[in-house]
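**Q** Contents of upload.txt (compact mmCIF, C-alpha atoms) are given next:
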# COMPACT_ATOMS: atom_id res chain seq x y z
CA MET A 1 0.00 0.00 0.00
CA VAL A 2 1.32 3.31 -1.02
CA ILE A 3 0.59 6.22 1.17
CA MET A 4 0.64 9.43 -0.71
CA ILE A 5 1.25 12.49 1.25
CA ILE A 6 0.39 15.60 -0.54
CA VAL A 7 1.49 18.79 1.00
CA PHE A 8 -0.10 21.98 -0.05
CA SER A 9 2.10 24.94 0.49
CA ASN A 10 0.89 28.33 1.33
CA TRP A 11 1.89 29.49 -2.08
CA GLU A 12 -0.94 30.75 -4.15
CA LEU A 13 -1.90 28.58 -7.03
CA GLU A 14 -1.33 30.80 -10.01
CA VAL A 15 -3.65 30.38 -12.85
CA GLU A 16 -2.22 31.52 -16.13
CA MET A 17 -4.69 34.11 -17.27
CA GLU A 18 -4.77 35.04 -20.90
CA LYS A 19 -3.24 38.50 -21.13
CA PRO A 20 -5.77 41.05 -22.36
CA GLU A 21 -5.06 42.55 -25.75
CA HIS A 22 -3.75 46.10 -25.89
CA ILE A 23 -6.35 48.53 -27.19
CA LEU A 24 -4.27 49.43 -30.26
CA LEU A 25 -4.04 45.78 -31.28
CA LYS A 26 -7.64 44.99 -30.41
CA TYR A 27 -8.90 47.41 -33.03
CA ALA A 28 -6.19 46.82 -35.62
CA GLN A 29 -7.00 45.05 -38.87
CA THR A 30 -5.25 41.85 -39.91
CA TYR A 31 -5.08 40.74 -43.50
CA VAL A 32 -3.00 38.56 -45.73
CA ARG A 33 -0.09 40.48 -47.13
CA GLU A 34 -0.22 40.43 -50.86
CA GLU A 35 2.98 39.23 -52.41
CA LYS A 36 3.09 41.08 -55.65
CA SER A 37 5.71 42.61 -57.80
CA LEU A 38 6.61 46.14 -56.85
CA ALA A 39 7.54 46.97 -60.42
CA PRO A 40 4.98 48.74 -62.61
CA GLN A 41 3.39 46.36 -65.06
CA ASP A 42 4.99 45.80 -68.47
CA CYS A 43 7.95 47.96 -67.60
CA TYR A 44 11.67 47.58 -67.29
CA TYR A 45 14.10 49.59 -65.18
CA ASP A 46 16.53 51.80 -67.07
CA SER A 47 19.60 51.90 -64.82
CA GLU A 48 21.22 54.71 -66.73
CA LEU A 49 18.31 57.12 -66.42
CA GLY A 50 17.14 55.74 -63.09
CA VAL A 51 13.51 55.38 -64.15
CA TRP A 52 11.00 52.74 -65.17
CA LYS A 53 10.10 52.58 -68.86
CA LEU A 54 7.29 50.92 -70.75
CA SER A 55 8.71 47.81 -72.43
CA GLU A 56 6.66 48.27 -75.56
CA THR A 57 7.28 51.93 -76.31
CA ASP A 58 10.39 52.75 -74.26
CA GLN A 59 8.61 55.79 -72.84
CA ILE A 60 9.30 56.84 -69.27
CA PHE A 61 6.41 55.29 -67.36
CA VAL A 62 5.52 58.34 -65.23
CA GLU A 63 5.38 60.48 -68.37
CA THR A 64 2.54 58.40 -69.78
CA SER A 65 -1.14 58.04 -68.93
CA GLU A 66 -0.33 54.60 -67.52
CA ARG A 67 0.93 56.25 -64.33
CA ALA A 68 -2.62 57.15 -63.32
CA GLY A 69 -3.20 53.56 -62.26
CA PRO A 70 -2.34 52.19 -58.81
CA SER A 71 1.35 52.88 -59.00
CA THR A 72 2.13 54.69 -55.80
CA LYS A 73 1.98 53.48 -52.25
CA LYS A 74 -1.22 55.27 -51.41
CA GLN A 75 -3.10 53.16 -53.91
CA ASP A 76 -2.06 50.05 -52.09
CA VAL A 77 -3.19 48.86 -48.71
CA GLU A 78 -2.44 51.87 -46.59
CA THR A 79 0.04 50.90 -43.95
CA GLY A 80 0.49 54.38 -42.67
CA GLU A 81 3.65 56.00 -43.50
CA ASP A 82 5.71 55.18 -46.10
CA GLN A 83 9.45 55.20 -45.74
CA LYS A 84 9.42 55.53 -41.98
CA GLY A 85 11.59 52.97 -40.30
CA GLU A 86 11.11 50.34 -42.98
CA MET B 1 26.88 70.14 -59.69
CA THR B 2 24.56 67.18 -59.35
CA VAL B 3 21.49 66.02 -57.46
CA LEU B 4 21.97 62.74 -55.61
CA ILE B 5 18.88 60.55 -55.17
CA LEU B 6 19.05 57.80 -52.53
CA ALA B 7 16.07 55.52 -53.04
CA SER B 8 14.74 52.10 -53.87
CA ARG B 9 14.33 51.23 -57.54
CA TYR B 10 10.65 50.54 -56.78
CA ASP B 11 10.14 54.06 -55.44
CA LEU B 12 8.13 55.41 -58.37
CA THR B 13 7.77 58.72 -56.60
CA CYS B 14 11.41 59.39 -57.46
CA ASP B 15 10.64 58.79 -61.12
CA TYR B 16 8.26 61.76 -60.98
CA VAL B 17 11.06 63.95 -59.65
CA ILE B 18 13.59 62.65 -62.17
CA SER B 19 11.19 63.40 -65.00
CA GLN B 20 11.13 67.02 -63.87
CA LEU B 21 14.90 67.18 -63.29
CA ARG B 22 15.37 65.98 -66.87
CA ARG B 23 13.00 68.70 -68.06
CA LEU B 24 15.17 71.21 -66.19
CA LYS B 25 18.27 69.58 -67.68
CA CYS B 26 19.58 69.22 -64.15
CA PRO B 27 22.24 66.49 -63.71
CA TYR B 28 21.37 63.79 -61.20
CA HIS B 29 22.51 60.37 -60.01
CA ARG B 30 20.18 57.79 -58.51
CA ILE B 31 21.50 55.12 -56.14
CA ASN B 32 19.02 52.37 -55.28
CA SER B 33 19.56 50.30 -52.17
CA GLU B 34 18.81 47.05 -54.06
CA ASP B 35 21.68 47.75 -56.44
CA LEU B 36 24.29 48.42 -53.76
CA PRO B 37 25.47 44.80 -53.36
CA LYS B 38 25.93 44.61 -57.14
CA MET B 39 28.16 47.68 -57.20
CA LYS B 40 31.78 48.07 -56.29
CA LEU B 41 32.02 51.04 -53.97
CA SER B 42 34.73 52.94 -52.25
CA PHE B 43 33.87 55.83 -49.94
CA ASP B 44 36.45 58.15 -48.43
CA PRO B 45 34.64 59.82 -45.50
CA ILE B 46 37.48 62.30 -44.94
CA LYS B 47 37.64 63.67 -48.47
CA GLY B 48 33.98 62.95 -49.18
CA ASP B 49 34.71 61.01 -52.39
CA LEU B 50 32.43 58.17 -53.44
CA HIS B 51 33.70 55.88 -56.20
CA ILE B 52 31.11 53.63 -57.80
CA LYS B 53 31.59 50.93 -60.42
CA PHE B 54 28.35 49.43 -61.70
CA ASP B 55 27.86 47.33 -64.82
CA GLN B 56 30.13 48.96 -67.38
CA SER B 57 30.08 52.41 -65.87
CA SER B 58 32.28 54.16 -63.38
CA LEU B 59 31.39 57.24 -61.35
CA LEU B 60 33.14 59.52 -58.91
CA LEU B 61 30.90 61.64 -56.69
CA ARG B 62 32.71 64.40 -54.83
CA ALA B 63 31.08 66.05 -51.83
CA GLU B 64 31.61 69.55 -53.19
CA GLU B 65 29.85 68.62 -56.44
CA ILE B 66 26.60 67.51 -54.82
CA ARG B 67 24.13 70.35 -54.66
CA SER B 68 21.29 68.42 -53.01
CA VAL B 69 20.29 64.97 -51.85
CA TYR B 70 16.79 63.55 -52.22
CA PHE B 71 16.78 61.07 -49.35
CA ARG B 72 14.06 58.44 -49.72
CA ARG B 73 15.35 55.71 -47.43
CA PRO B 74 14.52 54.80 -43.83
CA VAL B 75 16.33 56.65 -41.08
CA TYR B 76 16.18 53.54 -38.91
CA LEU B 77 15.06 49.95 -39.32
CA ARG B 78 11.97 48.81 -37.43
CA ASP B 79 11.30 45.37 -36.14
CA TYR B 80 7.78 44.49 -37.28
CA GLY B 81 7.84 41.03 -35.75
CA THR B 82 8.72 37.75 -37.37
CA SER B 83 10.92 38.42 -40.34
CA SER B 84 11.39 36.09 -43.26
CA ARG B 85 14.98 37.31 -43.50
CA SER B 86 17.77 35.13 -42.23
CA PRO B 87 20.12 36.68 -39.65
CA VAL B 88 22.79 36.97 -42.35
CA GLU B 89 20.40 38.78 -44.70
CA GLY B 90 19.48 41.06 -41.81
CA PHE B 91 23.15 41.77 -41.23
CA TYR B 92 23.68 42.75 -44.90
CA ARG B 93 20.58 44.95 -44.79
CA ASN B 94 21.75 46.73 -41.66
CA GLN B 95 25.21 47.43 -43.03
CA TRP B 96 23.95 48.83 -46.34
CA SER B 97 21.33 50.90 -44.60
CA ALA B 98 24.06 52.37 -42.42
CA PHE B 99 26.19 53.03 -45.52
CA ILE B 100 23.45 55.11 -47.08
CA ARG B 101 22.98 57.09 -43.89
CA ASN B 102 26.71 57.68 -43.58
CA LEU B 103 26.57 59.67 -46.79
CA MET B 104 25.57 62.48 -44.43
CA VAL B 105 29.25 63.28 -44.95
CA PHE B 106 27.87 65.28 -47.88
CA GLU B 107 26.95 67.96 -45.39
CA GLU B 108 27.24 70.96 -47.70
CA ALA B 109 24.42 69.62 -49.86
CA VAL B 110 20.80 70.44 -49.05
CA TRP B 111 19.15 67.20 -47.89
CA VAL B 112 15.46 66.67 -48.58
CA ASN B 113 15.23 65.67 -45.84
CA HIS B 114 18.27 65.23 -43.63
CA PRO B 115 18.03 61.88 -41.80
CA SER B 116 18.60 63.47 -38.41
CA ALA B 117 15.80 65.99 -38.97
CA THR B 118 13.47 63.23 -40.17
CA TYR B 119 14.26 61.13 -37.12
CA LEU B 120 13.38 64.02 -34.79
CA ALA B 121 10.31 65.14 -36.72
CA GLU B 122 8.80 61.65 -36.75
CA HIS B 123 8.06 61.83 -33.01
CA LYS B 124 4.40 62.66 -32.54
CA ALA B 125 4.57 64.33 -29.15
CA TYR B 126 7.46 66.47 -30.34
CA GLN B 127 5.60 67.52 -33.49
CA LEU B 128 2.52 68.51 -31.53
CA HIS B 129 4.64 70.47 -29.10
CA LYS B 130 6.35 72.37 -31.90
CA ALA B 131 3.16 72.96 -33.88
CA SER B 132 1.45 74.36 -30.81
CA SER B 133 4.40 76.63 -30.06
CA LEU B 134 4.10 78.09 -33.56
CA GLY B 135 0.47 78.94 -33.03
CA PHE B 136 -1.28 75.97 -34.63
CA GLN B 137 -4.47 74.82 -32.96
CA VAL B 138 -3.86 71.24 -31.83
CA PRO B 139 -6.31 68.76 -30.30
CA ARG B 140 -5.93 68.26 -26.57
CA THR B 141 -3.68 65.23 -26.24
CA ILE B 142 -2.21 62.95 -23.65
CA VAL B 143 0.14 60.01 -24.04
CA THR B 144 -0.69 57.46 -21.40
CA ASN B 145 -0.72 53.79 -20.48
CA SER B 146 -3.40 54.15 -17.83
CA SER B 147 -7.10 54.42 -18.48
CA ASP B 148 -7.40 55.78 -14.94
CA LEU B 149 -5.64 58.92 -16.10
CA ILE B 150 -7.99 59.55 -19.00
CA ASP B 151 -10.22 61.90 -17.14
CA PHE B 152 -9.58 65.45 -18.06
CA GLY B 153 -12.77 66.38 -19.78
CA ILE B 154 -11.50 66.40 -23.33
CA SER B 155 -14.01 64.02 -24.75
CA SER B 156 -16.44 65.33 -27.28
CA GLU B 157 -19.86 63.67 -26.97
CA GLY B 158 -18.20 61.03 -24.82
CA LYS B 159 -15.76 60.04 -27.58
CA LEU B 160 -12.00 60.04 -27.72
CA VAL B 161 -9.44 59.50 -30.48
CA VAL B 162 -7.06 56.61 -29.87
CA LYS B 163 -3.90 56.06 -31.88
CA GLY B 164 -0.37 54.74 -31.63
CA LEU B 165 2.58 56.84 -30.63
CA ASP B 166 4.42 54.96 -33.36
CA THR B 167 3.00 53.19 -36.42
CA VAL B 168 0.92 50.18 -35.39
CA LEU B 169 2.22 47.59 -37.82
CA LEU B 170 2.99 43.95 -37.18
CA ARG B 171 3.97 41.16 -39.52
CA GLU B 172 3.89 37.45 -38.90
CA GLY B 173 4.26 35.01 -41.72
CA PRO B 174 1.85 35.94 -44.47
CA PHE B 175 -0.20 38.18 -42.18
CA GLU B 176 0.01 41.88 -41.56
CA THR B 177 -1.78 43.83 -38.84
CA PHE B 178 -2.24 47.57 -39.12
CA GLY B 179 -3.89 49.95 -36.67
CA PHE B 180 -5.82 52.92 -37.98
CA THR B 181 -6.81 55.80 -35.76
CA GLN B 182 -9.96 54.92 -33.83
CA ILE B 183 -12.75 56.97 -32.26
CA LEU B 184 -14.02 55.19 -29.17
CA ASP B 185 -16.36 55.76 -26.26
CA GLU B 186 -14.57 57.25 -23.30
CA ALA B 187 -16.55 54.97 -21.01
CA SER B 188 -15.40 51.83 -22.82
CA LEU B 189 -11.78 53.02 -22.70
CA LYS B 190 -11.86 52.59 -18.95
CA ARG B 191 -12.24 48.86 -19.49
CA GLU B 192 -9.55 48.54 -22.13
CA HIS B 193 -6.01 47.30 -21.71
CA LEU B 194 -3.50 50.14 -22.04
CA ILE B 195 -0.90 49.41 -19.38
CA SER B 196 1.45 47.41 -21.62
CA ALA B 197 2.23 50.23 -24.03
CA PRO B 198 1.70 54.01 -24.21
CA THR B 199 -1.17 55.22 -26.35
CA VAL B 200 -2.06 58.64 -27.75
CA ILE B 201 -5.48 59.85 -26.59
CA GLN B 202 -6.88 62.99 -28.19
CA GLU B 203 -10.06 64.99 -28.29
CA PRO B 204 -11.88 64.28 -31.52
CA ILE B 205 -12.35 67.04 -34.06
CA SER B 206 -16.03 67.15 -34.91
CA GLN B 207 -17.36 67.56 -38.43
CA LYS B 208 -13.89 67.73 -39.80
CA LEU B 209 -12.59 68.03 -43.31
CA ASP B 210 -9.21 66.33 -43.67
CA VAL B 211 -6.66 68.46 -45.45
CA ARG B 212 -3.32 67.09 -46.61
CA VAL B 213 -0.74 69.82 -46.97
CA THR B 214 2.47 69.10 -48.85
CA ALA B 215 5.06 71.75 -48.11
CA ILE B 216 8.33 72.02 -50.00
CA GLY B 217 10.53 74.86 -48.80
CA SER B 218 8.28 77.87 -49.16
CA ASP B 219 5.83 76.18 -51.57
CA VAL B 220 2.63 74.90 -50.04
CA PHE B 221 0.09 72.64 -51.75
CA ALA B 222 -3.12 71.52 -50.11
CA ALA B 223 -5.73 68.90 -50.94
CA SER B 224 -8.93 68.07 -49.10
CA ILE B 225 -9.79 64.40 -48.65
CA GLU B 226 -13.47 63.73 -49.03
CA SER B 227 -15.55 60.61 -49.04
CA PHE B 228 -17.85 60.08 -51.99
CA ASP B 229 -20.86 59.36 -49.84
CA GLN B 230 -20.56 60.46 -46.22
CA PRO B 231 -18.44 62.66 -43.97
CA ILE B 232 -15.27 60.96 -42.83
CA ARG B 233 -15.06 60.11 -39.17
CA GLY B 234 -11.75 58.91 -37.87
CA ASP B 235 -8.97 57.74 -40.17
CA TRP B 236 -9.58 58.49 -43.88
CA ARG B 237 -6.96 55.90 -44.80
CA SER B 238 -9.34 53.16 -43.69
CA LEU B 239 -11.67 54.10 -46.54
CA LYS B 240 -9.02 53.14 -49.09
CA GLY B 241 -10.25 53.94 -52.58
CA ASN B 242 -13.56 55.45 -51.51
CA VAL B 243 -12.22 58.99 -51.20
CA ARG B 244 -11.40 61.80 -53.57
CA TYR B 245 -8.74 64.48 -53.36
CA LEU B 246 -9.53 68.04 -54.29
CA SER B 247 -7.25 71.03 -54.49
CA HIS B 248 -7.85 73.16 -51.38
CA ASN B 249 -7.23 76.86 -50.82
CA LEU B 250 -5.35 77.21 -47.60
CA PRO B 251 -5.54 80.59 -45.81
CA ASN B 252 -2.23 82.46 -45.96
CA GLY B 253 -1.81 82.35 -42.22
CA ILE B 254 -2.05 78.57 -42.13
CA ALA B 255 0.27 78.17 -45.12
CA THR B 256 2.81 80.40 -43.36
CA LYS B 257 2.61 78.28 -40.22
CA CYS B 258 3.23 75.16 -42.31
CA ILE B 259 6.38 76.73 -43.77
CA GLU B 260 7.52 77.82 -40.30
CA LEU B 261 6.91 74.34 -38.95
CA LEU B 262 9.19 72.84 -41.58
CA LYS B 263 11.93 75.33 -40.70
CA GLU B 264 11.49 74.67 -36.99
CA LEU B 265 11.84 70.93 -37.60
CA GLY B 266 14.82 71.34 -39.93
CA LEU B 267 12.90 69.97 -42.90
CA PHE B 268 12.66 71.00 -46.54
CA PHE B 269 9.72 68.70 -47.18
CA GLY B 270 6.74 67.75 -45.05
CA ALA B 271 3.34 66.14 -45.50
CA ILE B 272 1.16 67.84 -42.91
CA ASP B 273 -2.24 66.52 -41.89
CA LEU B 274 -4.72 69.18 -40.83
CA ALA B 275 -8.38 68.99 -39.89
CA LEU B 276 -10.72 71.83 -40.76
CA SER B 277 -13.62 72.12 -38.34
CA HIS B 278 -16.06 75.00 -38.00
CA GLY B 279 -13.65 77.28 -39.85
CA GLU B 280 -10.63 76.40 -37.69
CA TYR B 281 -7.60 74.43 -38.85
CA PHE B 282 -6.20 71.90 -36.41
CA PHE B 283 -2.73 70.39 -36.75
CA LEU B 284 -2.78 66.60 -36.47
CA GLU B 285 0.64 65.46 -37.59
CA VAL B 286 3.54 65.97 -39.96
CA ASN B 287 5.33 63.26 -41.89
CA ALA B 288 8.81 64.04 -43.13
CA THR B 289 8.67 61.07 -45.50
CA GLY B 290 5.02 61.30 -46.53
CA GLU B 291 3.97 60.16 -49.97
CA TRP B 292 2.67 62.75 -52.44
CA ALA B 293 2.84 61.36 -55.98
CA TRP B 294 -0.79 60.32 -55.95
CA LEU B 295 -1.83 63.94 -55.46
CA VAL B 296 -0.13 65.11 -58.67
CA ASP B 297 -2.86 63.62 -60.82
CA SER B 298 -5.76 63.25 -58.39
CA ALA B 299 -5.67 66.82 -57.03
CA LYS B 300 -3.63 68.40 -59.85
CA LEU B 301 -0.90 69.59 -57.52
CA PRO B 302 2.52 70.16 -59.17
CA ILE B 303 4.44 68.80 -56.19
CA ASP B 304 6.92 66.98 -58.44
CA ILE B 305 7.85 70.26 -60.11
CA ALA B 306 8.30 71.98 -56.75
CA ILE B 307 10.58 69.24 -55.43
CA ALA B 308 12.66 69.21 -58.62
CA ASN B 309 12.96 73.00 -58.46
CA LEU B 310 14.14 72.82 -54.86
CA LEU B 311 16.67 70.07 -55.59
CA SER B 312 18.04 71.80 -58.70
CA SER B 313 18.26 75.23 -57.07
CA PRO B 314 18.48 74.57 -53.35
CA PRO B 315 18.40 77.44 -50.89
CA LYS B 316 21.44 78.11 -48.75
CA ASN B 317 21.76 75.23 -46.32
CA ASP B 318 21.43 77.05 -43.03
CA LEU B 319 18.99 74.75 -41.25
Here is a file; write its structure as structure tokens.

**A**
Amino acid sequence: MVIMIIVFSNWELEVEMEKPEHILLKYAQTYVREEKSLAPQDCYYDSELGVWKLSETDQIFVETSERAGPSTKKQDVETGEDQKGE
Amino acid sequence: MTVLILASRYDLTCDYVISQLRRLKCPYHRINSEDLPKMKLSFDPIKGDLHIKFDQSSLLLRAEEIRSVYFRRPVYLRDYGTSSRSPVEGFYRNQWSAFIRNLMVFEEAVWVNHPSATYLAEHKAYQLHKASSLGFQVPRTIVTNSSDLIDFGISSEGKLVVKGLDTVLLREGPFETFGFTQILDEASLKREHLISAPTVIQEPISQKLDVRVTAIGSDVFAASIESFDQPIRGDWRSLKGNVRYLSHNLPNGIATKCIELLKELGLFFGAIDLALSHGEYFFLEVNATGEWAWLVDSAKLPIDIAIANLLSSPPKNDL
């Protein structure tokens, strides 16, 4: 016969409570980050001029009507500011 | 004399500026951070000479030949959470990022903006303090981690604005979490968890019209941000594509304050968010690295021309 002696200490039994979520995180939005090319469509980068050009016409992309599409950060999912601490 | 552009090759905003520099026939050189590991570089920080060999070309940039620098890189690297980069990749990134920042050796050039000024200006409490000292109306604000201390009668109709002191952005695997500015009940705030991190609490601006001011030196451009169907409450960025941008006439006094704020912060460029309410303009924040290219077409603001003009003919660098 085994006698089990269980001694309870005076220590409090700590129950791991789930930490509440910080207010800024509670109201934040989570989404799947789109993995897409950062380059403008149908363009190549001209290293000499330092600009993107349309592959078909060799025009500087931002000098064409194509630039009016979603080509700058603000047209993308807004993640606040831009070059800060990236 | 040349304009030096420090950017990423995917930073299309720089292409707008280069297009205008070419129109002005102003010489420039663009260095993209992605291209750095493919270049052979030698930088003498004493003389201020930067030798670059890239592809078939060779370039020598001398400090005294650089009239201005368009700085479009981070002034520090944030930790957004789990990174897909290996420690070695992180090491490379850190070293190259530091290299770009060390080009501050080109101190006679006018920097748009200087990394040290950007670093200072990015601090929200500091911005509000400076804006208020210049005479801007600013919303009553506290930065706190205790809901017990949110009790100073600033709430409007029992509501308060809640936002991060720094950008609320986390990344984990394929997921990204971003926190927009929220307008919440003051009563419910008492039950929320704040203690773990400081939070900015502000009085809300009622019936506001958001105005984005882009200031370049002494040039000021303003656009109002309006929803297509209903007044915007809270953060207009959360409405994504459902807003329009209209050229806005800013009173001279407010435009002057915007210019003074840039000078006070040591900046040549700033994207300033204002709120117009009942005829009064309130300063909300300034972003030294704010985007602007989308306003060129949407609000017909020639910001690209103004930046190119500043870079090609910079004022005396006495900031």

**Q** Output the contact residues of chain B with respect to chain A at a cut-off of 8 Å, based on only C-alpha atoms, as a short mmCIF file (atom, residue, chain, number, x, y, z; two decimals) with C-alpha atoms, keeping the file's coordinate frame.

**A**
data_model
loop_
_atom_site.label_atom_id
_atom_site.label_comp_id
_atom_site.auth_asym_id
_atom_site.auth_seq_id
_atom_site.Cartn_x
_atom_site.Cartn_y
_atom_site.Cartn_z
CA ARG B 9 14.33 51.23 -57.54
CA TYR B 10 10.65 50.54 -56.78
CA LEU B 12 8.13 55.41 -58.37
CA THR B 13 7.77 58.72 -56.60
CA ASP B 15 10.64 58.79 -61.12
CA TYR B 16 8.26 61.76 -60.98
CA ILE B 18 13.59 62.65 -62.17
CA SER B 19 11.19 63.40 -65.00
CA HIS B 29 22.51 60.37 -60.01
CA ARG B 30 20.18 57.79 -58.51
CA ARG B 72 14.06 58.44 -49.72
CA ARG B 73 15.35 55.71 -47.43
CA PRO B 74 14.52 54.80 -43.83
CA VAL B 75 16.33 56.65 -41.08
CA TYR B 76 16.18 53.54 -38.91
CA LEU B 77 15.06 49.95 -39.32
CA ARG B 78 11.97 48.81 -37.43
CA VAL B 162 -7.06 56.61 -29.87
CA LYS B 163 -3.90 56.06 -31.88
CA GLY B 164 -0.37 54.74 -31.63
CA THR B 167 3.00 53.19 -36.42
CA VAL B 168 0.92 50.18 -35.39
CA LEU B 169 2.22 47.59 -37.82
CA PRO B 174 1.85 35.94 -44.47
CA PHE B 175 -0.20 38.18 -42.18
CA GLU B 176 0.01 41.88 -41.56
CA THR B 177 -1.78 43.83 -38.84
CA PHE B 178 -2.24 47.57 -39.12
CA GLY B 179 -3.89 49.95 -36.67
CA PHE B 180 -5.82 52.92 -37.98
CA GLN B 182 -9.96 54.92 -33.83
CA GLU B 192 -9.55 48.54 -22.13
CA HIS B 193 -6.01 47.30 -21.71
CA LEU B 194 -3.50 50.14 -22.04
CA ILE B 195 -0.90 49.41 -19.38
CA SER B 196 1.45 47.41 -21.62
CA ALA B 197 2.23 50.23 -24.03
CA THR B 199 -1.17 55.22 -26.35
CA ARG B 237 -6.96 55.90 -44.80
CA SER B 238 -9.34 53.16 -43.69
CA LYS B 240 -9.02 53.14 -49.09
CA GLY B 241 -10.25 53.94 -52.58
CA ASN B 287 5.33 63.26 -41.89
CA THR B 289 8.67 61.07 -45.50
CA GLY B 290 5.02 61.30 -46.53
CA GLU B 291 3.97 60.16 -49.97
CA ALA B 293 2.84 61.36 -55.98
CA TRP B 294 -0.79 60.32 -55.95
CA ASP B 297 -2.86 63.62 -60.82
#

**Q** Using only C-alpha atoms, which of B:Lys130, B:Lys159, B:Asn309, B:Gln56 sits nearest Cys26 of chain B?

**A**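 Looking at the shortest contact to Cys26 of chain B, the residue is B:Asn309.
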
**Q** Which residue is closest to Glu260 of chain B? Choose from B:Ala288, B:Ala215, B:Ala98, B:Met39 and count only C-alpha atoms.

**A**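 Using only C-alpha atoms, the shortest distance to Glu260 of chain B belongs to B:Ala215.
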
**Q** Skipping near chain neighbours, those fewer than 4 positions away, what residues fall within 12 Å of Ala63 of chain B using all atoms listed in the file, listed as a list in words?

**A**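 Once the adjacent positions are removed, what remains is Met1, Thr2, Val3, Leu4, Phe43, Asp44, Pro45, Ile46, Lys47, Gly48, Asp49, Leu50, His51, Arg67, Ser68, Val69, Leu103, Met104, Val105, Phe106, Glu107, Glu108, Ala109 and Val110 of chain B.
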
**Q** At what distance in Å, to one decimal, does atom CA of Leu246 of chain B lie from atom CA of Ser298 of chain B?

**A**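 According to the coordinates, atom CA of Ser298 of chain B and atom CA of Leu246 of chain B are separated by 7.3 Å.
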
**Q** Kindly give the distance, in Å, that separates atom CA of Ala271 of chain B and atom CA of Ser116 of chain B, rounded to a single decimal.

**A**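 One can read the atom CA of Ala271 of chain B to atom CA of Ser116 of chain B distance as 17.0 Å.
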
**Q** Tell me, in Å to one decimal, how far atom CA of Arg22 of chain B is from atom CA of Ile303 of chain B.

**A**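 Interatomic distance, atom CA of Arg22 of chain B to atom CA of Ile303 of chain B: 15.5 Å.
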
**Q** Counting only C-alpha atoms, figure out which residue out of B:Asn249, B:Thr256, B:Gln127, B:Ser97 gets nearest to Leu6 of chain B.

**A** B:Ser97

**Q** I want to know what sits within 7 Å of segment 112-114 of chain B, based on all atoms listed in the file, with residues of the same chain fewer than 5 positions away left out; could you give that as a ChimeraX atom specification?

**A** /B:69-71,267-269
